[in-house]
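Quick notes on the structure that follows.
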Amino acid sequence: MFFVYVLYSTKFDRHYVGMTSNLDRRLKNHNAGSVKSTKAFAPWSIIHS
């Protein structure tokens, strides 16, 4: 099963849309700076999945 998710960075007022099979792990990767396209805008929170 896959999830489509929308993240929001309150600090930078940005949205990011992605897809994953493990939503918890993927959010941790985004907030840890492991994802090149989102690391500059952390912290992220899930607003929709």
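By order of appearance in the structure tokens: chains A, B, ..., then residues from 1 within every chain, and ligands from 1 in the order shown.
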Would you please give, as a compact mmCIF listing (two decimals) with N, CA, C and O atoms, in the first residue's frame, all residues of chain A that DSSP assigns to strand (DSSP E) based on the backbone?
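Output below, filename states03.txt:
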# COMPACT_ATOMS: atom_id res chain seq x y z
N PHE A 3 1.01 5.66 0.18
CA PHE A 3 0.34 6.87 0.65
C PHE A 3 0.80 8.06 -0.18
O PHE A 3 1.99 8.17 -0.48
N VAL A 4 -0.12 8.92 -0.51
CA VAL A 4 0.22 10.23 -1.04
C VAL A 4 0.05 11.18 0.14
O VAL A 4 -0.94 11.08 0.88
N TYR A 5 1.02 12.04 0.36
CA TYR A 5 0.98 12.89 1.53
C TYR A 5 1.32 14.33 1.16
O TYR A 5 1.98 14.59 0.16
N VAL A 6 0.85 15.24 2.00
CA VAL A 6 1.16 16.67 1.84
C VAL A 6 1.80 17.12 3.14
O VAL A 6 1.24 16.93 4.22
N LEU A 7 2.99 17.70 3.01
CA LEU A 7 3.70 18.24 4.16
C LEU A 7 3.60 19.76 4.13
O LEU A 7 3.45 20.36 3.07
N TYR A 8 3.72 20.35 5.31
CA TYR A 8 3.69 21.81 5.40
C TYR A 8 4.79 22.27 6.35
O TYR A 8 4.97 21.71 7.43
N SER A 9 5.54 23.27 5.92
CA SER A 9 6.56 23.88 6.75
C SER A 9 6.02 25.22 7.24
O SER A 9 5.89 26.17 6.47
N ARG A 14 5.66 26.66 3.23
CA ARG A 14 5.82 25.86 2.02
C ARG A 14 5.07 24.54 2.15
O ARG A 14 4.92 24.00 3.24
N HIS A 15 4.64 24.02 0.98
CA HIS A 15 4.00 22.71 0.90
C HIS A 15 4.88 21.78 0.08
O HIS A 15 5.63 22.23 -0.78
N TYR A 16 4.77 20.49 0.36
CA TYR A 16 5.49 19.47 -0.40
C TYR A 16 4.56 18.27 -0.53
O TYR A 16 3.93 17.85 0.45
N VAL A 17 4.47 17.71 -1.73
CA VAL A 17 3.63 16.53 -1.98
C VAL A 17 4.54 15.37 -2.34
O VAL A 17 5.47 15.52 -3.15
N GLY A 18 4.30 14.22 -1.73
CA GLY A 18 5.11 13.04 -2.00
C GLY A 18 4.31 11.77 -1.91
O GLY A 18 3.11 11.79 -1.62
N MET A 19 5.01 10.65 -2.15
CA MET A 19 4.38 9.33 -2.10
C MET A 19 5.35 8.37 -1.41
O MET A 19 6.56 8.44 -1.63
N THR A 20 4.82 7.50 -0.56
CA THR A 20 5.66 6.55 0.16
C THR A 20 4.86 5.33 0.59
O THR A 20 3.62 5.38 0.63
N SER A 45 5.40 19.05 8.87
CA SER A 45 4.32 18.30 9.52
C SER A 45 3.37 17.82 8.42
O SER A 45 3.23 18.46 7.39
N ILE A 46 2.76 16.68 8.66
CA ILE A 46 1.81 16.11 7.69
C ILE A 46 0.48 16.82 7.86
O ILE A 46 -0.06 16.87 8.96
N ILE A 47 -0.03 17.39 6.77
CA ILE A 47 -1.34 18.02 6.85
C ILE A 47 -2.41 17.21 6.14
O ILE A 47 -3.59 17.43 6.35
N HIS A 48 -1.98 16.24 5.29
CA HIS A 48 -2.96 15.38 4.63
C HIS A 48 -2.26 14.13 4.12
O HIS A 48 -1.12 14.18 3.69
Problem - Exercise: A:Lys28 partners within 10 Å, only C-alpha atoms, chain neighbours under 5 positions left out, as JSON, numbers by chain - result: {"A": [23, 33, 34, 35, 43, 44, 45]}
Can you write out the residues you just picked, keeping N, CA and C atoms, as a PDB file, in the first residue's frame?
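Writing done, so here's out-v3.pdb:
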ATOM      1  N   LEU A  23       4.833   5.991   5.855  1.00  0.00           N
ATOM      2  CA  LEU A  23       4.632   7.412   6.107  1.00  0.00           C
ATOM      3  C   LEU A  23       5.441   7.919   7.308  1.00  0.00           C
ATOM      4  N   GLY A  33      16.633  15.940   7.443  1.00  0.00           N
ATOM      5  CA  GLY A  33      17.475  16.538   6.410  1.00  0.00           C
ATOM      6  C   GLY A  33      18.018  15.529   5.420  1.00  0.00           C
ATOM      7  N   SER A  34      17.451  14.335   5.386  1.00  0.00           N
ATOM      8  CA  SER A  34      17.908  13.284   4.478  1.00  0.00           C
ATOM      9  C   SER A  34      17.369  13.418   3.061  1.00  0.00           C
ATOM     10  N   VAL A  35      16.406  14.312   2.864  1.00  0.00           N
ATOM     11  CA  VAL A  35      15.791  14.503   1.554  1.00  0.00           C
ATOM     12  C   VAL A  35      16.275  15.847   1.002  1.00  0.00           C
ATOM     13  N   PRO A  43      11.317  22.388   9.990  1.00  0.00           N
ATOM     14  CA  PRO A  43      10.586  21.139  10.220  1.00  0.00           C
ATOM     15  C   PRO A  43       9.291  21.061   9.407  1.00  0.00           C
ATOM     16  N   TRP A  44       8.897  19.830   9.112  1.00  0.00           N
ATOM     17  CA  TRP A  44       7.699  19.549   8.337  1.00  0.00           C
ATOM     18  C   TRP A  44       6.667  18.859   9.216  1.00  0.00           C
ATOM     19  N   SER A  45       5.401  19.055   8.868  1.00  0.00           N
ATOM     20  CA  SER A  45       4.320  18.304   9.516  1.00  0.00           C
ATOM     21  C   SER A  45       3.372  17.822   8.420  1.00  0.00           C
TER      22      SER A  45
END
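We find atom CA of A:Phe12 and atom CA of A:Ala42 to be spaced 8.4 Å apart.
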Exercise for the section: Please run DSSP on the backbone and report, as a count of residues only, all residues within chain A that come out as helix (DSSP H, G or I). Expected result: 13
